[in-house]
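Written out below as structure tokens is the structure these notes cover.
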Protein chains: 2
Amino acid sequence: MIVKELLNPSSIVIVGASNDVEKPGGKVLKNILDGHYDGRLFAVNPKEATVQGIQCYNQVSDITDNIELAIIAIGCKFIPAIMEFLAKERGTKAFIVLSAGFSETGLEGKALEEKIVEIVESVNGSLIGPNCIGILSPRYNGVFAGPIPKLESKGCDFVSGSGATAVFILESAIPMGLTFASLFSVGNSAQIGVEEVVKFWDKSFDPETSSKTKIIYIEEIKNSELFLKHTRSLINKGCRIAAIKAGTTEAGSRAVSSHTGALAGSDVAVDALFRKAGIVRCYGREELVQVAAIFSHKPLTGDRLAIITHAGGPGVMATDALSKGGLKVPHIQGPEADDLLSKLFHGSSIANPIDFLATGNAEQLGMILDYVDNKFDNIDGSLVIFGTTGMFDVTPVYNVLNEKMNTCKKPIYPVMPSLVQAKDATEHFLSLGRVNIQDEVNMARALSKVYFTPKPAIEEELPIIDTKSIREIIDISDNGYLSPQSIQSLFDAAGIPHSQELVANSAESALFAASKFGYPLVMKVVGPVHKSDVGGVALNIKNKEDLKTVFQSMIKLPGATGVLIQPMLSGMELFIGAKYEKGFGHVILCGMGGIFVEVFKDVMAGLSPLSQTEALYMIRRLKAYPMIKGVRGKEGINENMFADIIVRLSALLKAAPEIRELDINPLLGKGDTIIAVDSRIRVEK
Amino acid sequence: MIVKELLNPSSIVIVGASNDVEKPGGKVLKNILDGHYDGRLFAVNPKEATVQGIQCYNQVSDITDNIELAIIAIGCKFIPAIMEFLAKERGTKAFIVLSAGFSETGLEGKALEEKIVEIVESVNGSLIGPNCIGILSPRYNGVFAGPIPKLESKGCDFVSGSGATAVFILESAIPMGLTFASLFSVGNSAQIGVEEVVKFWDKSFDPETSSKTKIIYIEEIKNSELFLKHTRSLINKGCRIAAIKAGTTEAGSRAVSSHTGALAGSDVAVDALFRKAGIVRCYGREELVQVAAIFSHKPLTGDRLAIITHAGGPGVMATDALSKGGLKVPHIQGPEADDLLSKLFHGSSIANPIDFLATGNAEQLGMILDYVDNKFDNIDGSLVIFGTTGMFDVTPVYNVLNEKMNTCKKPIYPVMPSLVQAKDATEHFLSLGRVNIQDEVNMARALSKVYFTPKPAIEEELPIIDTKSIREIIDISDNGYLSPQSIQSLFDAAGIPHSQELVANSAESALFAASKFGYPLVMKVVGPVHKSDVGGVALNIKNKEDLKTVFQSMIKLPGATGVLIQPMLSGMELFIGAKYEKGFGHVILCGMGGIFVEVFKDVMAGLSPLSQTEALYMIRRLKAYPMIKGVRGKEGINENMFADIIVRLSALLKAAPEIRELDINPLLGKGDTIIAVDSRIRVEK
């Protein structure tokens, strides 16, 4: 839990305060002093009488007052005793432990870490770290690092699983004009990790005073349920969240392991989780702060943009980038457009991009923005790219831009390229509380990314299925692959249509199945896992003789316990898979079968439980979606039916979390009929 | 042509020189003065006696000396007379016309532009502009804009089709440490466009003194042959070229039109052209300068990188980005690795990323880089990410890094994130002639992009085909779609295998075809273009009766001139297409047929003429390539045979450039046999 004393302490002690600002205890004190902390500040160092101009106590017990927050930067072995004293004797509830030497170093360190958590828990307190750079809040600069951004309640709330990364993100963020409401560097996350910070943001959210922009750097998601619950809740309350989950590739995951001893979650699961929550996923520091910059502007509510510029080239590149990102740069024409054009210099262009030439001025920009806001109904927002070749001062232009950003209903996204030539004018613009992205292509990419990140998935009721029967089957099953009969019963209980089938143990029962289903038939050996490889699958069996011959040969295959007999079906091959990912629960994949899965990797993933809406979202984003709808004269399938099976599977997985892997490959679809034909389920209890 | 007086003039006159530095004639003079131009400098202005401290002539004729270069910034109407005087009477050969008011404004301006070109051509001189910002060379700062980068012969050579874009690119380039050897802003390209500058770079290339880094911003490629010839030649001489071709999307092309009155070339053709030349294609200003930054380092000769950092997070993100880009971050292990690890602080990691902790120092970095260079055979280069949290001065680290970049055999790519905290140290590093990319993900992406840009295609001889027969067929053909017989003859002449076929005009000739080919057969109406839509295609005709019935119904279709009869073939459906793109010549597409073209858009494009190597490159980069090789127990096809058909088609197109569109869809492939089954060719003379 995060106590109020952590962010807003009326008194702070720095244990290990130093005159040497190249030491954490020196640097953190300097930052707090530089930030003009207005509460009571104590310094502790056994060897000093004063540090950085303030009185220094030789030991914590020399301080007789109660202290709300302790920031600790001493050798790790000395920490538990001091924390115990502060917690028990001085009422300290908030602790930031900067020192390293804990769980990241091995078992001994881990024990030490558990001890300090215990101390903090015993007083229902908060612990940040150990092995972190600290935190920033509008009240105090509690980090031993820099640069320190401008702190204000409307800035970004920022939590980072890595201290150095947080610092480097600030390096990119500050020159753009981004400000911050808080920074949590969680270090080893002994008590408070990224998830707990996100929970705190949600629980303490106040629509009037809380920041609506949250950014996250995380290497390991330990509790995806908590993370999902609170990020989704925050977004539903009007927040916008961008996050980097590092360690997404196999090589990157090794990097994470070596860094924090953490195992990376599967990247597909992360994608699915972020989409469900409505988080904008980023992959690098600059991308993250660019997305945060987009968050600082009014949101784009439609996909049609005007590009307004005095320089042709950047307008063209921005148009290309927006179009590639899926946004539109529609043609602007008609009497209103002609009217505007007549007011601009000869040679200006209005078609979109609106190019008002190198000689374009502040007044013209204001006029153009008014036209876009009031008269051009096919435009939802605008990108304004305006720099200088150094010929004149652009401050008046930037002032008009700022004013219009305040007054216009449609969002305006500024791109100011001239950080060298128009340094003063740009800094002036930022000082008005604005944020700048220097490159129009980066702006366009970030804008597309934000626009096309779906809203959080709405929680819909899962369909009612026969949970009792499902539990009975799972409870009596052994670990490993389920029998065809069990799968059939599970699917019946979940309402998942499957092909009729019988497992024959004798030629007679095989003939009985044939008489029931009619020819042609499919025969598959039961027992061996990779049936095709051992000659255990036969298609298009057309008569009794073939049936008998095939049965006799299959039943002799090593491991064979019977032969599954199904009617021979045809249709479009579909695929549904599910896998249990540690820390995430079940990830469900869907797509078309065969080469579309294997060669084109054309699958979409979602995090279970999946609603009908989410399942349709997945289906519609398959590259093969036109085939599902029907293409080149070939009939498609009923996508709602396909989605319904995905949702029912999701309900099945909820009832039977012991299912670790599940493959339906193929389902055969023909119009409104979709039938699971071949399925595998592996259970692990 | 570009005369030596343009880049290296011993005398310059500014016509329209002004005291007002907010005017082009004032600003360009100021830039030349600020740059300490060491030749003779004249200023002309009818109203001034001195401008910016130098003597001013009231008219050009008052100057009695010869003048090598004239920079002109006066009203467009007065320009031809003055240029004529300078060219004829003062021996001026180089002209830079900054003024606007020429072809970009309409017909009258176009005539004026033609006039000044004529004057320049009459003395075999050079004209830059009109309507441009000028040029930069190590000799003088001939632009009326800023910022002015550091100019040195080893810097980038830069040509831009847009002046403002050039300036904004410099805004991004200068803070990274990029320097420049030249900048050409070509404006309206009346005489000298981007292509002519590229040709000049090639013709004047000196391996000892010329810059090996070229960057290009272009909106319209007017002469792709010239562009290809000289960019390829430069790259073959050891240069590296990065370019933006703006106006790549439909919306972007409209933007180009409105900007320069140019029609954008097809984006696919641009891709094909750049690949053939070996140009690294970029899409935004920052990406362009990041690629140029990569060019400033030693080239990467293998795909395996070490990531060396003192900060875990950026190491993880860089690993992810390199892996996604196709590069490898291999595990580092073994006795040498253990040896290195033992020399680093406890807790360091060596597995790759090599993380030598927040406390890591200059000496350790030097040691690590020596190990990478000498002992780790599975590493081809390294990314060094090193910033600061502000605790200590990183200058010693950056000095070691600079030293190792000089001495190590393997390339080292520096990422310095701390532009705020380590401003002085970073600027010091740049002052040593180094270039920095601030963000490790941008670095990784740029590096992957450069590494995977293929070398220029080697020019191979096209196969010898029967050009005489091809010309005979084309010469007697009318504009429009060719008949099946003509296509068959063209393919025979080019050695492209095609299915046997006959066009029947009567039921009798249809029966004759059947007796020749045997059943089953395919029948297709001849005449209508969209055969399938009108019921003009019948497959699997198995007997005489069906043949006759189908013939009678097809021959009655509107526009039917006969019925094509082919043996019914089967195999993997392939696709080859070709299209003539104005300014580029023929673009050839290949892929698998059917849904793979139509739904998955899985095609690769190349610019004709295509060599076998290029055709194989295209085939191997198809997403469906595993199917071409054979997958899931299905036999593939002979890719060399497929490539051979593409190359033969290329030879056919060379012999018959009147072919504007060509589709072979499908070719049917079975092992070594690939046969064109259905083809369309449209000729336009």
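Following the order of the structure tokens, chains are lettered A, B, ..., residues in each are numbered from 1, and ligands are numbered from 1.
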Would you mind listing, for every residue of chain A within 6 Å of chain B, the two atoms forming the shortest contact and the distance between them in Å to one decimal, using only C-alpha atoms, sorted by chain and ascending residue number, as CSV?
```
residue,atom,partner,partner_atom,distance
A:Glu22,CA,B:Met391,CA,4.6
A:Ala145,CA,B:Thr389,CA,4.7
A:Gly146,CA,B:Thr389,CA,5.4
A:Pro147,CA,B:Gln421,CA,5.9
A:Ala164,CA,B:Ala311,CA,5.7
A:Thr165,CA,B:Gly313,CA,5.4
A:Phe168,CA,B:Pro417,CA,5.9
A:Glu171,CA,B:Ser418,CA,5.9
A:Ala246,CA,B:Met317,CA,5.6
A:Gly247,CA,B:Val316,CA,5.7
A:Thr249,CA,B:Asp320,CA,5.3
A:Gly252,CA,B:Asp320,CA,4.8
A:Ala255,CA,B:Val316,CA,5.3
A:His259,CA,B:Gly312,CA,5.7
A:Gly284,CA,B:Val441,CA,5.5
A:Ala311,CA,B:Ala164,CA,5.7
A:Gly312,CA,B:His259,CA,5.7
A:Gly313,CA,B:Thr165,CA,5.4
A:Val316,CA,B:Gly252,CA,5.2
A:Met317,CA,B:Ala246,CA,5.6
A:Thr319,CA,B:Gly252,CA,5.0
A:Asp320,CA,B:Gly252,CA,4.8
A:Pro353,CA,B:Ala255,CA,5.9
A:Thr389,CA,B:Ala145,CA,4.7
A:Gly390,CA,B:Gly146,CA,5.4
A:Met391,CA,B:Glu22,CA,4.6
A:Phe392,CA,B:Glu22,CA,5.8
A:Pro417,CA,B:Phe168,CA,5.9
A:Ser418,CA,B:Glu171,CA,5.9
A:Gln421,CA,B:Pro147,CA,5.9
A:Val441,CA,B:Gly284,CA,5.5
```
Convert the current residue selection to file output with N, CA, C and O atoms, as a compact mmCIF listing (two decimals), in the first residue's frame.
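Once written, result_19.txt looks like this:
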```txt
# COMPACT_ATOMS: atom_id res chain seq x y z
N GLU A 22 28.39 13.19 -5.30
CA GLU A 22 28.56 12.04 -6.19
C GLU A 22 28.14 10.75 -5.47
O GLU A 22 28.29 9.65 -6.01
N ALA A 145 19.17 11.35 -8.57
CA ALA A 145 19.55 11.41 -9.98
C ALA A 145 18.94 12.65 -10.61
O ALA A 145 18.13 13.33 -10.01
N GLY A 146 19.33 12.92 -11.81
CA GLY A 146 18.77 14.02 -12.56
C GLY A 146 18.65 13.61 -14.01
O GLY A 146 19.10 12.53 -14.37
N PRO A 147 18.07 14.38 -14.88
CA PRO A 147 17.54 15.72 -14.62
C PRO A 147 16.18 15.68 -13.88
O PRO A 147 15.45 14.70 -13.99
N ALA A 164 17.59 3.85 -14.05
CA ALA A 164 18.34 4.52 -15.11
C ALA A 164 17.44 4.80 -16.30
O ALA A 164 17.53 5.86 -16.93
N THR A 165 16.54 3.85 -16.59
CA THR A 165 15.63 4.05 -17.71
C THR A 165 14.73 5.25 -17.45
O THR A 165 14.47 6.05 -18.35
N PHE A 168 16.68 8.31 -18.18
CA PHE A 168 16.89 8.54 -19.61
C PHE A 168 15.57 8.95 -20.29
O PHE A 168 15.59 9.70 -21.27
N GLU A 171 15.29 12.50 -19.77
CA GLU A 171 16.20 13.20 -20.69
C GLU A 171 15.51 13.51 -22.02
O GLU A 171 15.75 14.54 -22.64
N ALA A 246 9.40 -4.05 -21.68
CA ALA A 246 10.65 -4.45 -22.31
C ALA A 246 10.88 -5.94 -22.12
O ALA A 246 10.32 -6.57 -21.24
N GLY A 247 11.73 -6.49 -22.98
CA GLY A 247 11.98 -7.94 -22.93
C GLY A 247 10.92 -8.67 -23.73
O GLY A 247 10.34 -9.64 -23.26
N THR A 249 11.33 -9.85 -27.00
CA THR A 249 11.84 -10.89 -27.90
C THR A 249 12.61 -11.91 -27.07
O THR A 249 12.92 -11.67 -25.91
N GLY A 252 15.67 -10.37 -25.96
CA GLY A 252 15.35 -9.34 -24.98
C GLY A 252 14.98 -9.94 -23.64
O GLY A 252 15.32 -9.41 -22.59
N ALA A 255 17.90 -10.67 -21.75
CA ALA A 255 18.42 -9.43 -21.20
C ALA A 255 17.69 -9.08 -19.91
O ALA A 255 18.30 -8.65 -18.94
N HIS A 259 19.05 -8.89 -16.04
CA HIS A 259 18.93 -7.59 -15.38
C HIS A 259 18.24 -7.70 -14.03
O HIS A 259 18.72 -7.20 -13.03
N GLY A 284 10.09 2.14 -27.26
CA GLY A 284 11.34 2.86 -26.99
C GLY A 284 11.03 4.13 -26.21
O GLY A 284 9.89 4.57 -26.13
N ALA A 311 5.89 25.02 -45.16
CA ALA A 311 7.02 24.34 -45.79
C ALA A 311 6.50 23.06 -46.43
O ALA A 311 6.04 22.16 -45.74
N GLY A 312 6.61 22.98 -47.74
CA GLY A 312 5.99 21.87 -48.46
C GLY A 312 6.46 20.49 -48.03
O GLY A 312 5.66 19.61 -47.73
N GLY A 313 7.78 20.28 -47.98
CA GLY A 313 8.33 18.96 -47.75
C GLY A 313 7.80 18.27 -46.50
O GLY A 313 7.29 17.15 -46.57
N VAL A 316 4.37 17.01 -46.96
CA VAL A 316 4.27 15.78 -47.75
C VAL A 316 4.63 14.56 -46.90
O VAL A 316 3.92 13.55 -46.90
N MET A 317 5.71 14.69 -46.15
CA MET A 317 6.13 13.53 -45.32
C MET A 317 5.09 13.22 -44.25
O MET A 317 4.82 12.05 -43.96
N THR A 319 1.90 13.79 -44.49
CA THR A 319 0.76 13.18 -45.19
C THR A 319 1.02 11.70 -45.43
O THR A 319 0.16 10.85 -45.16
N ASP A 320 2.21 11.39 -45.93
CA ASP A 320 2.56 9.98 -46.16
C ASP A 320 2.46 9.18 -44.86
O ASP A 320 1.91 8.08 -44.84
N PRO A 353 -2.26 19.00 -47.85
CA PRO A 353 -1.85 20.03 -46.93
C PRO A 353 -2.24 21.46 -47.33
O PRO A 353 -2.26 21.77 -48.51
N THR A 389 13.44 29.47 -41.30
CA THR A 389 14.76 29.38 -41.92
C THR A 389 15.67 30.42 -41.29
O THR A 389 16.79 30.62 -41.74
N GLY A 390 15.19 31.08 -40.24
CA GLY A 390 16.03 32.03 -39.53
C GLY A 390 15.84 33.46 -40.01
O GLY A 390 16.59 34.35 -39.61
N MET A 391 14.86 33.69 -40.87
CA MET A 391 14.69 35.02 -41.44
C MET A 391 13.90 35.95 -40.52
O MET A 391 14.06 37.15 -40.56
N PHE A 392 12.97 35.38 -39.75
CA PHE A 392 12.22 36.26 -38.85
C PHE A 392 11.82 35.52 -37.58
O PHE A 392 11.89 34.30 -37.51
N PRO A 417 10.05 22.39 -35.81
CA PRO A 417 11.30 21.74 -36.17
C PRO A 417 12.55 22.54 -35.81
O PRO A 417 13.63 21.97 -35.74
N SER A 418 12.40 23.85 -35.57
CA SER A 418 13.58 24.72 -35.53
C SER A 418 14.11 24.92 -34.12
O SER A 418 14.09 26.02 -33.59
N GLN A 421 17.44 27.29 -34.65
CA GLN A 421 17.16 28.64 -35.14
C GLN A 421 16.09 29.36 -34.32
O GLN A 421 16.13 30.57 -34.18
N VAL A 441 7.00 13.26 -38.87
CA VAL A 441 6.72 11.84 -39.10
C VAL A 441 6.55 11.13 -37.75
O VAL A 441 5.65 10.30 -37.59
```
Q) Neighbours of Ile659 in chain B within 7 Å (only C-alpha atoms; same-chain residues fewer than 2 positions away dropped), as a PyMOL selection string? A) chain B and resi 653+656-657+661+681-684
Limited to C-alpha atoms, could you put the picked residues into a file as a CSV table (one decimal), in the first residue's frame?
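Below is the file part38.csv, written as the result:
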```
chain,number,residue,atom,x,y,z
B,653,LEU,CA,9.9,-6.0,-71.9
B,656,ALA,CA,9.1,-4.5,-76.5
B,657,PRO,CA,8.9,-1.4,-74.3
B,661,GLU,CA,0.7,-3.9,-68.8
B,681,ILE,CA,-0.7,-8.1,-72.5
B,682,ARG,CA,-1.6,-4.5,-73.3
B,683,VAL,CA,0.4,-2.6,-75.8
B,684,GLU,CA,0.5,1.2,-76.2
```
Contacts of Val525 in chain A within 10 Å, only C-alpha atoms, excl. fewer than 5 positions in-chain, as a PDB file with C-alpha atoms, in the first residue's frame:
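out13.pdb, freshly written:
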```
ATOM      1  CA  VAL A 503     -14.068 -44.257 -31.032  1.00  0.00           C
ATOM      2  CA  ALA A 504     -14.081 -47.799 -32.327  1.00  0.00           C
ATOM      3  CA  HIS A 530       1.380 -36.909 -33.881  1.00  0.00           C
ATOM      4  CA  LYS A 531      -1.122 -38.994 -35.781  1.00  0.00           C
ATOM      5  CA  SER A 532      -0.222 -37.935 -39.328  1.00  0.00           C
ATOM      6  CA  VAL A 534       2.698 -42.435 -38.078  1.00  0.00           C
ATOM      7  CA  GLY A 535       0.118 -42.955 -40.800  1.00  0.00           C
ATOM      8  CA  GLY A 536      -2.691 -42.600 -38.293  1.00  0.00           C
ATOM      9  CA  VAL A 537      -5.017 -40.423 -40.381  1.00  0.00           C
ATOM     10  CA  ALA A 538      -7.067 -41.627 -43.340  1.00  0.00           C
ATOM     11  CA  VAL A 550      -7.683 -49.185 -42.442  1.00  0.00           C
ATOM     12  CA  PHE A 551      -9.013 -50.142 -39.004  1.00  0.00           C
ATOM     13  CA  SER A 553      -3.693 -51.348 -39.772  1.00  0.00           C
ATOM     14  CA  MET A 554      -4.333 -48.408 -37.443  1.00  0.00           C
ATOM     15  CA  ILE A 555      -5.129 -50.463 -34.398  1.00  0.00           C
ATOM     16  CA  LYS A 556      -1.704 -52.074 -34.762  1.00  0.00           C
ATOM     17  CA  LEU A 557       0.164 -48.740 -34.542  1.00  0.00           C
ATOM     18  CA  GLY A 559       0.290 -46.756 -28.643  1.00  0.00           C
ATOM     19  CA  ALA A 560      -3.026 -47.107 -30.450  1.00  0.00           C
ATOM     20  CA  THR A 561      -5.988 -47.477 -28.089  1.00  0.00           C
ATOM     21  CA  GLY A 562      -8.734 -47.167 -30.680  1.00  0.00           C
ATOM     22  CA  VAL A 563      -9.737 -45.524 -33.946  1.00  0.00           C
ATOM     23  CA  LEU A 564     -11.778 -42.356 -34.089  1.00  0.00           C
ATOM     24  CA  ILE A 565     -14.412 -42.293 -36.815  1.00  0.00           C
TER      25      ILE A 565
END
```
(Q) Can you pull out the residues contacting Gln52 in chain A? Cut-off 9 Å, using only C-alpha atoms, and skip same-chain residues under 4 positions away; I want them as a ChimeraX atom specification. (A) /A:17-20,26,29-30,33
(Q) With DSSP run on the backbone, what are the alpha helix (DSSP H) residues within range 473-517 of chain A? I'd like them as a VMD selection string. (A) chain A and resid 473 to 476 484 to 494 507 to 517
Q) Got a sec to tell me which of range 35-249 of chain B DSSP assigns to strand (DSSP E), as a ChimeraX atom specification? A) /B:40-44,50-51,54-57,69-72,94-97,126-128,134-137,140-143,151-160,180-185,213-218,240-245
Q: Rank nothing, just name the residue among B:Leu667, B:Ala73, B:Ile588, B:Leu502 nearest to Val647 in chain B, using only C-alpha atoms.
A: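 Looking at the shortest contact to Val647 in chain B, the residue is B:Ile588.
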**Q.** Neighbour list for Val400 in chain A as a ChimeraX atom specification, cut-off 10 Å, only C-alpha atoms, skip fewer than 2 positions in-chain
**A.** /A:361-367,369,395-398,402-406
(Q) Between A:Phe491, A:Phe295, A:Phe227, A:Phe517, which residue has the minimum interatomic distance to Lys154 in chain A, considering only C-alpha atoms? (A) A:Phe295
Q.
If we count only C-alpha atoms and set the cut-off at 7 Å, which residues sit around Thr213 in chain B, ignoring sequence neighbours fewer than 6 positions away in its own chain? Please answer as JSON, numbers by chain.
A. {"B": [156, 157, 239, 240, 241, 295]}
Residues from the last selection, C-alpha atoms, saved as a PDB file, in the first residue's frame:
```pdb
ATOM      1  CA  CYS B 156      27.620  14.530 -45.635  1.00  0.00           C
ATOM      2  CA  ASP B 157      26.955  15.635 -49.188  1.00  0.00           C
ATOM      3  CA  CYS B 239      29.727   5.581 -50.762  1.00  0.00           C
ATOM      4  CA  ARG B 240      26.654   5.095 -48.644  1.00  0.00           C
ATOM      5  CA  ILE B 241      23.447   6.834 -49.634  1.00  0.00           C
ATOM      6  CA  PHE B 295      27.094   5.892 -42.025  1.00  0.00           C
TER       7      PHE B 295
END
```
Q) Excluding same-chain residues fewer than 6 positions from range 574-581 of chain B, what lies within 10 Å of it counting only C-alpha atoms, as an NGL selection string? A) :B and (265-266 or 268-269 or 587-594 or 596-597 or 603-608 or 628 or 637 or 642 or 645-646 or 649-650 or 653 or 657-669 or 674-682)
(Q) If I take CA of Arg275 in chain B and CA of Pro454 in chain B, how far is one from the other in Å, to one decimal? (A)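 We find that CA of Arg275 in chain B and CA of Pro454 in chain B lie 6.6 Å from each other.
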**Q.** Atomic distance CA of Ala94 in chain A - CA of Lys212 in chain A, expressed in Å with one decimal
**A.** 25.2 Å
